[in-house]
>>> print(open('work26.csv').read())   # CSV, N, CA and C atoms
chain,number,residue,atom,x,y,z
A,17,MET,N,-22.8,34.9,15.0
A,17,MET,CA,-23.3,33.7,15.7
A,17,MET,C,-23.1,32.4,14.9
A,18,SER,N,-23.3,32.5,13.6
A,18,SER,CA,-23.2,31.3,12.8
A,18,SER,C,-21.8,30.8,12.7
A,19,ASP,N,-20.8,31.8,12.7
A,19,ASP,CA,-19.4,31.4,12.7
A,19,ASP,C,-19.0,30.6,14.0
A,20,TRP,N,-19.6,31.1,15.1
A,20,TRP,CA,-19.3,30.4,16.4
A,20,TRP,C,-19.9,29.0,16.3
A,21,LEU,N,-21.2,28.9,15.8
A,21,LEU,CA,-21.8,27.6,15.8
A,21,LEU,C,-21.1,26.7,14.8
A,22,ALA,N,-20.7,27.2,13.7
A,22,ALA,CA,-19.9,26.4,12.7
A,22,ALA,C,-18.6,25.9,13.3
A,23,HIS,N,-18.0,26.7,14.1
A,23,HIS,CA,-16.7,26.3,14.7
A,23,HIS,C,-17.0,25.3,15.8
A,24,PHE,N,-18.1,25.5,16.5
A,24,PHE,CA,-18.4,24.5,17.6
A,24,PHE,C,-18.8,23.2,17.1
A,25,ILE,N,-19.7,23.1,16.1
A,25,ILE,CA,-20.2,21.9,15.5
A,25,ILE,C,-19.1,21.2,14.6
A,26,GLY,N,-18.4,22.0,13.8
A,26,GLY,CA,-17.5,21.5,12.8
A,26,GLY,C,-18.2,21.2,11.5
A,27,ASP,N,-17.8,20.2,10.9
A,27,ASP,CA,-18.3,19.8,9.6
A,27,ASP,C,-19.7,19.1,9.8
A,28,TRP,N,-20.8,19.7,9.3
A,28,TRP,CA,-22.1,19.2,9.5
A,28,TRP,C,-22.3,17.9,8.8
A,29,HIS,N,-21.5,17.6,7.8
A,29,HIS,CA,-21.6,16.4,7.0
A,29,HIS,C,-21.3,15.2,7.9
A,30,ALA,N,-20.3,15.4,8.8
A,30,ALA,CA,-19.9,14.3,9.7
A,30,ALA,C,-21.0,14.0,10.7
A,31,LEU,N,-21.7,15.1,11.2
A,31,LEU,CA,-22.8,14.8,12.1
A,31,LEU,C,-23.9,14.1,11.4
A,32,PHE,N,-24.2,14.5,10.1
A,32,PHE,CA,-25.2,13.8,9.4
A,32,PHE,C,-24.9,12.3,9.2
A,33,VAL,N,-23.7,12.0,8.8
A,33,VAL,CA,-23.3,10.6,8.7
A,33,VAL,C,-23.4,9.9,10.0
A,34,LEU,N,-23.0,10.5,11.1
A,34,LEU,CA,-23.1,9.9,12.4
A,34,LEU,C,-24.6,9.6,12.7
A,35,LEU,N,-25.4,10.6,12.5
A,35,LEU,CA,-26.9,10.4,12.7
A,35,LEU,C,-27.4,9.3,11.8
A,36,LEU,N,-27.1,9.3,10.6
A,36,LEU,CA,-27.6,8.3,9.6
A,36,LEU,C,-27.1,6.9,9.9
A,37,ALA,N,-25.8,6.8,10.1
A,37,ALA,CA,-25.2,5.4,10.3
A,37,ALA,C,-25.1,4.9,11.7
A,38,GLY,N,-25.2,5.8,12.7
A,38,GLY,CA,-25.1,5.4,14.1
A,38,GLY,C,-26.3,5.4,14.9
A,39,PHE,N,-27.0,6.5,14.8
A,39,PHE,CA,-28.2,6.7,15.7
A,39,PHE,C,-29.4,6.0,15.2
A,40,LEU,N,-29.8,6.3,13.9
A,40,LEU,CA,-31.0,5.8,13.4
A,40,LEU,C,-31.1,4.2,13.4
A,41,PRO,N,-30.1,3.5,12.9
A,41,PRO,CA,-30.2,2.0,13.0
A,41,PRO,C,-30.3,1.5,14.4
A,42,ASN,N,-29.7,2.1,15.3
A,42,ASN,CA,-29.8,1.7,16.7
A,42,ASN,C,-31.3,1.9,17.2
A,43,GLU,N,-31.8,3.1,16.9
A,43,GLU,CA,-33.2,3.3,17.3
A,43,GLU,C,-34.2,2.3,16.7
A,44,VAL,N,-34.0,1.9,15.5
A,44,VAL,CA,-34.8,0.9,14.8
A,44,VAL,C,-34.8,-0.4,15.7
A,45,TRP,N,-33.6,-0.8,16.0
A,45,TRP,CA,-33.5,-2.1,16.8
A,45,TRP,C,-34.1,-1.9,18.2
A,46,ARG,N,-34.0,-0.7,18.8
A,46,ARG,CA,-34.6,-0.5,20.1
A,46,ARG,C,-36.1,-0.5,20.0
A,47,MET,N,-36.7,0.1,19.0
A,47,MET,CA,-38.1,0.0,18.8
A,47,MET,C,-38.6,-1.4,18.6
A,48,ILE,N,-37.9,-2.2,17.8
A,48,ILE,CA,-38.3,-3.6,17.5
A,48,ILE,C,-38.2,-4.4,18.9
A,49,GLY,N,-37.2,-4.1,19.7
A,49,GLY,CA,-37.0,-4.8,20.9
A,49,GLY,C,-38.2,-4.4,21.9
A,50,LEU,N,-38.5,-3.1,21.9
A,50,LEU,CA,-39.6,-2.7,22.7
A,50,LEU,C,-40.9,-3.3,22.3
A,51,TRP,N,-41.1,-3.4,21.0
A,51,TRP,CA,-42.4,-4.0,20.5
A,51,TRP,C,-42.4,-5.5,20.8
A,52,LEU,N,-41.3,-6.2,20.6
A,52,LEU,CA,-41.3,-7.6,20.9
A,52,LEU,C,-41.3,-8.0,22.4
A,53,GLY,N,-40.7,-7.1,23.2
A,53,GLY,CA,-40.6,-7.3,24.6
A,53,GLY,C,-41.8,-6.9,25.4
A,54,ALA,N,-42.7,-6.3,24.8
A,54,ALA,CA,-43.9,-5.7,25.5
A,54,ALA,C,-44.7,-6.8,26.2
A,55,GLY,N,-44.7,-8.0,25.6
A,55,GLY,CA,-45.5,-9.1,26.2
A,55,GLY,C,-44.7,-10.1,27.1
A,56,VAL,N,-43.4,-9.8,27.3
A,56,VAL,CA,-42.6,-10.7,28.1
A,56,VAL,C,-42.8,-10.4,29.6
A,57,ASP,N,-43.0,-11.5,30.3
A,57,ASP,CA,-43.1,-11.4,31.8
A,57,ASP,C,-41.7,-11.1,32.4
A,58,GLU,N,-41.6,-10.0,33.2
A,58,GLU,CA,-40.3,-9.7,33.8
A,58,GLU,C,-39.8,-10.7,34.8
A,59,GLY,N,-40.7,-11.6,35.3
A,59,GLY,CA,-40.3,-12.6,36.3
A,59,GLY,C,-40.1,-13.9,35.7
A,60,SER,N,-40.1,-14.0,34.3
A,60,SER,CA,-39.9,-15.3,33.7
A,60,SER,C,-38.5,-15.8,33.9
A,61,GLU,N,-38.3,-17.1,33.8
A,61,GLU,CA,-36.9,-17.7,34.1
A,61,GLU,C,-35.9,-17.2,33.0
A,62,LEU,N,-36.4,-17.1,31.8
A,62,LEU,CA,-35.5,-16.6,30.7
A,62,LEU,C,-35.0,-15.2,31.0
A,63,LEU,N,-35.9,-14.3,31.3
A,63,LEU,CA,-35.5,-12.9,31.6
A,63,LEU,C,-34.6,-12.8,32.8
A,64,VAL,N,-34.9,-13.6,33.9
A,64,VAL,CA,-34.0,-13.6,35.1
A,64,VAL,C,-32.6,-14.1,34.7
A,65,TRP,N,-32.5,-15.1,33.9
A,65,TRP,CA,-31.2,-15.6,33.4
A,65,TRP,C,-30.5,-14.6,32.6
A,66,VAL,N,-31.2,-13.9,31.7
A,66,VAL,CA,-30.6,-12.9,30.9
A,66,VAL,C,-30.0,-11.7,31.8
A,67,ARG,N,-30.8,-11.3,32.7
A,67,ARG,CA,-30.4,-10.3,33.7
A,67,ARG,C,-29.2,-10.7,34.5
A,68,ALA,N,-29.1,-12.0,34.9
A,68,ALA,CA,-28.0,-12.5,35.6
A,68,ALA,C,-26.7,-12.5,34.8
A,69,VAL,N,-26.9,-12.9,33.5
A,69,VAL,CA,-25.7,-12.9,32.6
A,69,VAL,C,-25.2,-11.5,32.3
A,70,ALA,N,-26.1,-10.6,32.1
A,70,ALA,CA,-25.8,-9.2,31.9
A,70,ALA,C,-25.0,-8.6,33.1
A,71,THR,N,-25.5,-8.9,34.3
A,71,THR,CA,-24.9,-8.5,35.5
A,71,THR,C,-23.5,-9.1,35.7
A,72,ALA,N,-23.3,-10.3,35.3
A,72,ALA,CA,-22.0,-11.0,35.4
A,72,ALA,C,-21.0,-10.4,34.4
A,73,ILE,N,-21.5,-10.1,33.2
A,73,ILE,CA,-20.6,-9.5,32.2
A,73,ILE,C,-20.2,-8.1,32.7
A,74,LEU,N,-21.1,-7.3,33.2
A,74,LEU,CA,-20.8,-6.0,33.7
A,74,LEU,C,-19.8,-6.1,34.9
A,75,ALA,N,-20.0,-7.0,35.8
A,75,ALA,CA,-19.0,-7.2,36.9
A,75,ALA,C,-17.6,-7.6,36.4
A,76,GLY,N,-17.6,-8.4,35.3
A,76,GLY,CA,-16.3,-8.8,34.7
A,76,GLY,C,-15.6,-7.6,34.1
A,77,VAL,N,-16.3,-6.8,33.4
A,77,VAL,CA,-15.8,-5.6,32.8
A,77,VAL,C,-15.2,-4.6,33.9
A,78,ILE,N,-16.0,-4.4,34.9
A,78,ILE,CA,-15.5,-3.6,36.0
A,78,ILE,C,-14.3,-4.1,36.7
A,79,ALA,N,-14.3,-5.4,36.9
A,79,ALA,CA,-13.1,-6.1,37.5
A,79,ALA,C,-11.8,-5.9,36.6
A,80,GLN,N,-12.0,-6.0,35.3
A,80,GLN,CA,-10.9,-5.9,34.3
A,80,GLN,C,-10.4,-4.4,34.3
A,81,ILE,N,-11.3,-3.5,34.4
A,81,ILE,CA,-10.9,-2.1,34.4
A,81,ILE,C,-10.2,-1.8,35.7
A,82,LEU,N,-10.6,-2.4,36.8
A,82,LEU,CA,-9.9,-2.1,38.1
A,82,LEU,C,-8.5,-2.8,38.1
A,83,ILE,N,-8.4,-4.0,37.6
A,83,ILE,CA,-7.1,-4.7,37.7
A,83,ILE,C,-6.1,-4.2,36.6
A,84,GLN,N,-6.6,-4.0,35.4
A,84,GLN,CA,-5.8,-3.5,34.3
A,84,GLN,C,-6.4,-2.3,33.7
A,85,PRO,N,-6.2,-1.1,34.3
A,85,PRO,CA,-6.9,0.1,33.9
A,85,PRO,C,-6.4,0.6,32.5
A,86,PRO,N,-7.3,1.0,31.6
A,86,PRO,CA,-6.9,1.5,30.3
A,86,PRO,C,-6.6,3.0,30.4
A,87,GLY,N,-5.8,3.5,29.5
A,87,GLY,CA,-5.6,4.9,29.3
A,87,GLY,C,-5.2,5.7,30.5
A,88,ALA,N,-5.9,6.9,30.7
A,88,ALA,CA,-5.7,7.8,31.7
A,88,ALA,C,-6.0,7.2,33.1
A,89,LEU,N,-6.8,6.2,33.2
A,89,LEU,CA,-7.1,5.6,34.4
A,89,LEU,C,-5.9,4.8,35.0
A,90,ALA,N,-5.0,4.5,34.2
A,90,ALA,CA,-3.8,3.8,34.7
A,90,ALA,C,-2.9,4.7,35.6
A,91,SER,N,-3.1,6.0,35.4
A,91,SER,CA,-2.3,7.0,36.3
A,91,SER,C,-2.9,7.1,37.7
A,92,VAL,N,-4.1,6.5,37.9
A,92,VAL,CA,-4.8,6.6,39.2
A,92,VAL,C,-4.3,5.4,40.0
A,93,PRO,N,-3.8,5.6,41.2
A,93,PRO,CA,-3.3,4.4,42.0
A,93,PRO,C,-4.4,3.4,42.3
A,94,GLY,N,-4.0,2.2,42.4
A,94,GLY,CA,-4.9,1.1,42.6
A,94,GLY,C,-5.8,1.2,43.8
A,95,TRP,N,-5.2,1.7,44.9
A,95,TRP,CA,-6.0,1.8,46.2
A,95,TRP,C,-7.1,2.8,46.0
A,96,LEU,N,-6.8,3.9,45.2
A,96,LEU,CA,-7.9,4.9,45.0
A,96,LEU,C,-9.0,4.4,44.1
A,97,ARG,N,-8.6,3.6,43.1
A,97,ARG,CA,-9.7,2.9,42.3
A,97,ARG,C,-10.6,2.0,43.1
A,98,TYR,N,-9.9,1.2,43.9
A,98,TYR,CA,-10.7,0.3,44.8
A,98,TYR,C,-11.5,1.1,45.8
A,99,ALA,N,-11.0,2.1,46.4
A,99,ALA,CA,-11.7,2.9,47.3
A,99,ALA,C,-12.9,3.6,46.7
A,100,ALA,N,-12.8,4.0,45.4
A,100,ALA,CA,-13.9,4.7,44.7
A,100,ALA,C,-15.0,3.7,44.5
A,101,VAL,N,-14.6,2.4,44.1
A,101,VAL,CA,-15.7,1.4,43.9
A,101,VAL,C,-16.3,1.0,45.2
A,102,ALA,N,-15.5,0.9,46.3
A,102,ALA,CA,-16.1,0.6,47.6
A,102,ALA,C,-17.0,1.7,48.1
A,103,GLY,N,-16.6,2.9,47.9
A,103,GLY,CA,-17.4,4.1,48.3
A,103,GLY,C,-18.7,4.1,47.5
A,104,GLY,N,-18.6,3.9,46.2
A,104,GLY,CA,-19.8,3.8,45.4
A,104,GLY,C,-20.8,2.7,45.8
A,105,CYS,N,-20.2,1.6,46.2
A,105,CYS,CA,-21.1,0.4,46.6
A,105,CYS,C,-21.8,0.8,47.9
A,106,ILE,N,-21.0,1.4,48.8
A,106,ILE,CA,-21.6,1.8,50.1
A,106,ILE,C,-22.8,2.8,49.9
A,107,VAL,N,-22.5,3.8,49.1
A,107,VAL,CA,-23.6,4.8,48.8
A,107,VAL,C,-24.8,4.1,48.1
A,108,PHE,N,-24.5,3.2,47.2
A,108,PHE,CA,-25.6,2.5,46.6
A,108,PHE,C,-26.5,1.8,47.6
A,109,ILE,N,-25.9,1.1,48.6
A,109,ILE,CA,-26.6,0.4,49.6
A,109,ILE,C,-27.3,1.4,50.5
A,110,VAL,N,-26.7,2.4,50.9
A,110,VAL,CA,-27.3,3.4,51.9
A,110,VAL,C,-28.4,4.1,51.2
A,111,THR,N,-28.4,4.4,50.0
A,111,THR,CA,-29.4,5.2,49.3
A,111,THR,C,-30.5,4.3,48.7
A,112,ARG,N,-30.7,3.1,49.3
A,112,ARG,CA,-31.7,2.2,48.9
A,112,ARG,C,-31.6,1.8,47.4
A,113,ARG,N,-30.4,1.4,47.1
A,113,ARG,CA,-30.1,0.8,45.7
A,113,ARG,C,-30.3,1.8,44.6
A,114,SER,N,-29.8,3.0,44.8
A,114,SER,CA,-29.8,4.1,43.8
A,114,SER,C,-28.5,4.0,43.0
A,115,ILE,N,-28.7,3.5,41.8
A,115,ILE,CA,-27.5,3.3,40.9
A,115,ILE,C,-26.9,4.7,40.6
A,116,PHE,N,-27.7,5.7,40.3
A,116,PHE,CA,-27.2,7.0,40.0
A,116,PHE,C,-26.3,7.5,41.2
A,117,ALA,N,-26.8,7.4,42.4
A,117,ALA,CA,-26.1,7.9,43.6
A,117,ALA,C,-24.8,7.2,43.7
A,118,GLY,N,-24.8,5.9,43.5
A,118,GLY,CA,-23.6,5.1,43.7
A,118,GLY,C,-22.5,5.4,42.7
A,119,VAL,N,-22.9,5.6,41.4
A,119,VAL,CA,-22.0,5.9,40.3
A,119,VAL,C,-21.4,7.3,40.5
A,120,VAL,N,-22.3,8.2,40.8
A,120,VAL,CA,-21.8,9.6,41.0
A,120,VAL,C,-20.9,9.8,42.2
A,121,SER,N,-21.2,9.1,43.3
A,121,SER,CA,-20.3,9.2,44.4
A,121,SER,C,-19.0,8.5,44.2
A,122,GLY,N,-19.0,7.4,43.5
A,122,GLY,CA,-17.7,6.8,43.2
A,122,GLY,C,-16.8,7.6,42.2
A,123,GLU,N,-17.5,8.3,41.3
A,123,GLU,CA,-16.7,9.2,40.4
A,123,GLU,C,-16.2,10.4,41.1
A,124,ILE,N,-17.0,11.0,42.0
A,124,ILE,CA,-16.6,12.1,42.8
A,124,ILE,C,-15.4,11.7,43.7
A,125,LEU,N,-15.5,10.6,44.3
A,125,LEU,CA,-14.4,10.1,45.2
A,125,LEU,C,-13.1,10.0,44.4
A,126,MET,N,-13.2,9.4,43.2
A,126,MET,CA,-12.0,9.2,42.4
A,126,MET,C,-11.4,10.5,41.9
A,127,LEU,N,-12.3,11.4,41.5
A,127,LEU,CA,-11.8,12.7,41.0
A,127,LEU,C,-11.2,13.5,42.1
A,128,VAL,N,-11.8,13.6,43.2
A,128,VAL,CA,-11.3,14.3,44.4
A,128,VAL,C,-10.0,13.7,44.8
A,129,GLY,N,-9.9,12.4,44.9
A,129,GLY,CA,-8.7,11.7,45.3
A,129,GLY,C,-7.5,12.0,44.3
A,130,LYS,N,-7.8,11.9,43.0
A,130,LYS,CA,-6.8,12.2,42.0
A,130,LYS,C,-6.3,13.6,42.1
A,131,TRP,N,-7.3,14.5,42.3
A,131,TRP,CA,-6.9,16.0,42.4
A,131,TRP,C,-6.1,16.2,43.7
A,132,TRP,N,-6.4,15.5,44.8
A,132,TRP,CA,-5.7,15.7,46.0
A,132,TRP,C,-4.3,15.1,45.9
A,133,LEU,N,-4.1,14.0,45.1
A,133,LEU,CA,-2.8,13.4,44.9
A,133,LEU,C,-1.9,14.2,44.0
A,134,GLY,N,-2.6,15.0,43.1
A,134,GLY,CA,-1.9,15.8,42.2
A,134,GLY,C,-1.7,15.3,40.8
>>> encode(input="work26.csv", output="structure tokens")
Amino acid sequence: MSDWLAHFIGDWHALFVLLLAGFLPNEVWRMIGLWLGAGVDEGSELLVWVRAVATAILAGVIAQILIQPPGALASVPGWLRYAAVAGGCIVFIVTRRSIFAGVVSGEILMLVGKWWLG
């Protein structure tokens, strides 16, 4: 059993470094943000502006991925990428703004379309 686990995990030193250098510092900043943000009003103008900027940045990244797809996504035809985004948006609206349902349906649409095309 331990040989299987060692083969599955690989070098535990790398996992330790990843935990120490990647996960823990991020958690510290998340906890500081949680502590500092506990008293912030969600309806304040500053937070509404920050949310709008974050949404605009996300929309820009999605548009860039659609127009100039990186890596394996470049093998998916443009019409299928746009159809997956449109399908995800429709499911998002129909399911009363469920982000999870929209993302999963868009991914399923793209995977099924790519599988069907071969």
>>> atom_distance(input="work26.csv", atom1="atom CA of Ile78 of chain A", atom2="atom CA of Gly104 of chain A")
12.7 Å
>>> select_by_dssp(input="work26.csv", residues="chain A", states="alpha helix (DSSP H)", output="PyMOL selection string")
chain A and resi 18-25+28-34+40-53+61-83+94-110+115-133
>>> atom_distance(input="work26.csv", atom1="atom C of Ala88 of chain A", atom2="atom CA of Gly129 of chain A")
13.3 Å
>>> residues_around(input="work26.csv", residues="segment 122-125 of chain A", least_positions_apart="2", cutoff="6 Å", atoms="all atoms listed in the file", output="JSON, numbers by chain")
{"A": [100, 101, 103, 104, 117, 118, 119, 120, 127, 128, 129, 130]}
>>> atom_distance(input="work26.csv", atom1="atom C of Tyr98 of chain A", atom2="atom N of Met126 of chain A")
8.9 Å
